[in-house]
Amino acid sequence: MIQTKGYAVQDAKTDLAPWNFERREVGPHDVQFDIQFCGVCHSDLHQIKDDWGGSIFPMVPGHEIVGKVVKVGSHVKKFKVGDLAGTGCLVDSCRTCENCQEGLEQFCVNGSTATYNSLEQDHKTPTYGGYSNTIVVHEDFVLHVSDKLNLAAVAPLLCAGITTYSPLKHWKVGKGHKLAVLGLGGLGHMAVKFGVAFGAEVTVLSTSPKKEVDALKLGAHKFVVTKDAEQLKSVNGYFDFILDTVSAPHDLNLYLSLLRRDGVHICVGVPPTPYEVHAFSLIGGRKSLVGSLIGGLPETQEMLDYCAEHGIVSEIEMIDIKNIHEAYDRMTKGDVRYRFVIDMATL
Ligand code: NAP
Ligand code: ZN
């Protein structure tokens, strides 16, 4: 077994603290890479607090993982020692169901294995995430990372990047479309970058007036403060798409009224409590309420390659792992500019 250092929570009520654990030896198809940087996703916070129920403890969070390959199994073809590598939210799946066969492993019919707070395909062994010094992953779930980009700023692409890239691609959002990005945090700021790159007119809908300057710098064309009734009225019936990245409870009926006929509200944020949507919010204007979950492995590699080609990375604030609690506090308050990334050398 490989002795590993990390940060874990022991239950939903205690704080993250140093924790040593073991990872499996490198198998024939495995890649081991030492983790240099790990992004901090709001999903980490939801899961350590057991917001969604069913959390598995002890939990080592982290699914925006990048680093350098230190060992490869005898059958590994895609990677060699010294390569840069990344892993996102998935580390395995059944590989045989129709969704896996189509490269949509996130929708594995038999249950994909998440990078942490999950069980391996043996349905017994817990998985531990990227707030740690090293990781062992099957080569099919390891991604190539360009050495042209700032590695720390690439880490958030593995979740915040693919989670916003994938729905924009799926619903073919681009030229001629008016896209609203609801919530300017980790996911939201990547949605702005991709929306702009794909040619849409992008509006940020935010509860934080102070983020306007940043939103425009990120390339957004408009900024609307959602707490300001007058500003909100000015975009009534305006958008073709809303990409909803909000992590806390909010009223969907209000935002659905901002869509034009046949408009689509795409949920990617996962607040702890269910939404209440009135049928009237959908039927008048034939609106769609849809959702999207991260992205499959082929599309994640496509997104990383697209980012390398177009020079797209996340806006990050690097932190020492000892300051993770302060980062979570700021995240809870919506004060993220726009992704915390842990420098794993501080572990
Ligand atoms: P984040 O960085 O904390 O950003 C969330 C943003 O939502 C905040 O910055 C804030 O933006 C806005 N917000 C917060 N509270 C709000 C409220 N009460 N009303 C309206 N807006 C509010 O979080 P993240 O890492 O981007 O993650 C966002 C959500 O996506 C989380 O629920 C996470 O679990 C989920 N997620 C889903 C997937 C998926 O596959 N679907 C993948 C990753 C994450 P403003 O200050 O601009 O209002
Ligand atoms: Zn995430």
# chains A, B, ... in the order shown; residues from 1 in each chain; ligands from 1

call {"tool": "residues_around", "arguments": {"residues": "Phe141 of chain A", "least_positions_apart": "2", "cutoff": "8 Å", "atoms": "only C-alpha atoms", "output": "list in words"}}
result
Thr87, Leu90, Val91, Asp92, Val137, His138, Glu139, Leu143 and Leu297 of chain A

call {"tool": "write_last_selection", "arguments": {"atoms": "all heavy atoms", "output": "short mmCIF file (atom, residue, chain, number, x, y, z; two decimals), in the first residue's frame"}}
result
data_model
loop_
_atom_site.label_atom_id
_atom_site.label_comp_id
_atom_site.auth_asym_id
_atom_site.auth_seq_id
_atom_site.Cartn_x
_atom_site.Cartn_y
_atom_site.Cartn_z
N THR A 87 -6.99 14.72 -12.69
CA THR A 87 -8.18 13.90 -12.45
C THR A 87 -9.26 14.82 -11.90
O THR A 87 -8.99 15.70 -11.09
CB THR A 87 -7.86 12.74 -11.47
OG1 THR A 87 -7.10 11.75 -12.19
CG2 THR A 87 -9.11 12.09 -10.94
N LEU A 90 -14.37 11.96 -11.39
CA LEU A 90 -14.58 10.53 -11.58
C LEU A 90 -13.27 9.77 -11.59
O LEU A 90 -12.27 10.24 -12.17
CB LEU A 90 -15.28 10.27 -12.93
CG LEU A 90 -16.67 10.86 -13.12
CD1 LEU A 90 -17.13 10.66 -14.56
CD2 LEU A 90 -17.67 10.25 -12.15
N VAL A 91 -13.25 8.58 -10.97
CA VAL A 91 -12.06 7.73 -11.04
C VAL A 91 -12.37 6.34 -11.60
O VAL A 91 -11.45 5.56 -11.85
CB VAL A 91 -11.34 7.59 -9.68
CG1 VAL A 91 -10.66 8.90 -9.30
CG2 VAL A 91 -12.30 7.13 -8.58
N ASP A 92 -13.66 6.02 -11.81
CA ASP A 92 -13.99 4.73 -12.42
C ASP A 92 -15.48 4.70 -12.75
O ASP A 92 -16.25 5.57 -12.31
CB ASP A 92 -13.63 3.57 -11.47
CG ASP A 92 -13.23 2.30 -12.22
OD1 ASP A 92 -13.40 2.26 -13.46
OD2 ASP A 92 -12.76 1.36 -11.56
N VAL A 137 -4.83 6.30 -9.93
CA VAL A 137 -6.07 6.28 -10.71
C VAL A 137 -5.85 5.43 -11.97
O VAL A 137 -4.77 5.47 -12.57
CB VAL A 137 -6.46 7.73 -11.13
CG1 VAL A 137 -7.78 7.73 -11.90
CG2 VAL A 137 -6.57 8.65 -9.92
N HIS A 138 -6.88 4.68 -12.36
CA HIS A 138 -6.82 3.93 -13.63
C HIS A 138 -6.56 4.92 -14.77
O HIS A 138 -7.17 5.99 -14.81
CB HIS A 138 -8.15 3.21 -13.84
CG HIS A 138 -8.11 2.24 -14.99
ND1 HIS A 138 -8.05 2.64 -16.30
CD2 HIS A 138 -8.09 0.87 -15.01
CE1 HIS A 138 -8.02 1.57 -17.09
NE2 HIS A 138 -8.04 0.48 -16.33
N GLU A 139 -5.69 4.54 -15.69
CA GLU A 139 -5.27 5.49 -16.74
C GLU A 139 -6.44 6.06 -17.55
O GLU A 139 -6.36 7.18 -18.04
CB GLU A 139 -4.24 4.86 -17.68
CG GLU A 139 -4.76 3.75 -18.55
CD GLU A 139 -3.76 3.34 -19.65
OE1 GLU A 139 -3.05 4.20 -20.19
OE2 GLU A 139 -3.69 2.13 -19.95
N LEU A 143 -6.30 12.50 -17.07
CA LEU A 143 -6.35 13.38 -18.24
C LEU A 143 -4.99 14.02 -18.50
O LEU A 143 -4.21 14.23 -17.57
CB LEU A 143 -7.40 14.47 -18.00
CG LEU A 143 -8.80 13.83 -17.88
CD1 LEU A 143 -9.59 14.46 -16.77
CD2 LEU A 143 -9.53 13.89 -19.21
N LEU A 297 -15.36 11.56 -19.69
CA LEU A 297 -13.90 11.66 -19.86
C LEU A 297 -13.50 12.23 -21.23
O LEU A 297 -12.64 13.12 -21.29
CB LEU A 297 -13.25 10.29 -19.61
CG LEU A 297 -12.84 10.00 -18.15
CD1 LEU A 297 -11.68 10.91 -17.74
CD2 LEU A 297 -13.98 10.18 -17.16
#

call {"tool": "residues_near_ligand", "arguments": {"ligand": "ligand 1", "cutoff": "8 Å", "atoms": "only C-alpha atoms and all ligand atoms", "output": "ChimeraX atom specification"}}
result
/A:40-46,159-160,163,182-189,204-209,211,226,245-250,267-272,291-295,331-336,338-339

call {"tool": "closest_residue", "arguments": {"among": "A:Lys5, A:Lys178, A:Lys210, A:Lys68", "to": "Leu151 of chain A", "atoms": "only C-alpha atoms"}}
result
A:Lys68

call {"tool": "closest_residue", "arguments": {"among": "A:Gly62, A:Gly111, A:Gly6, A:Gly86", "to": "ligand 2", "atoms": "only C-alpha atoms and all ligand atoms"}}
result
A:Gly62

call {"tool": "atom_distance", "arguments": {"atom1": "atom CA of Ala114 of chain A", "atom2": "atom CA of Cys89 of chain A"}}
result
5.6 Å

call {"tool": "closest_residue", "arguments": {"among": "A:Val145, A:Leu258, A:Ala17, A:Leu216", "to": "Lys322 of chain A", "atoms": "only C-alpha atoms"}}
result
A:Ala17

call {"tool": "closest_residue", "arguments": {"among": "A:Val196, A:Val81, A:Leu158, A:Cys97", "to": "ligand 2", "atoms": "only C-alpha atoms and all ligand atoms"}}
result
A:Leu158

call {"tool": "closest_residue", "arguments": {"among": "A:Leu254, A:Val313, A:Val181, A:Ile342", "to": "His325 of chain A", "atoms": "only C-alpha atoms"}}
result
A:Ile342

call {"tool": "select_by_dssp", "arguments": {"residues": "segment 87-294 of chain A", "states": "strand (DSSP E)", "output": "PyMOL selection string"}}
result
chain A and resi 87+90-92+113-114+134-138+143-144+178-182+201-206+222-225+239-244+259-267+288-291
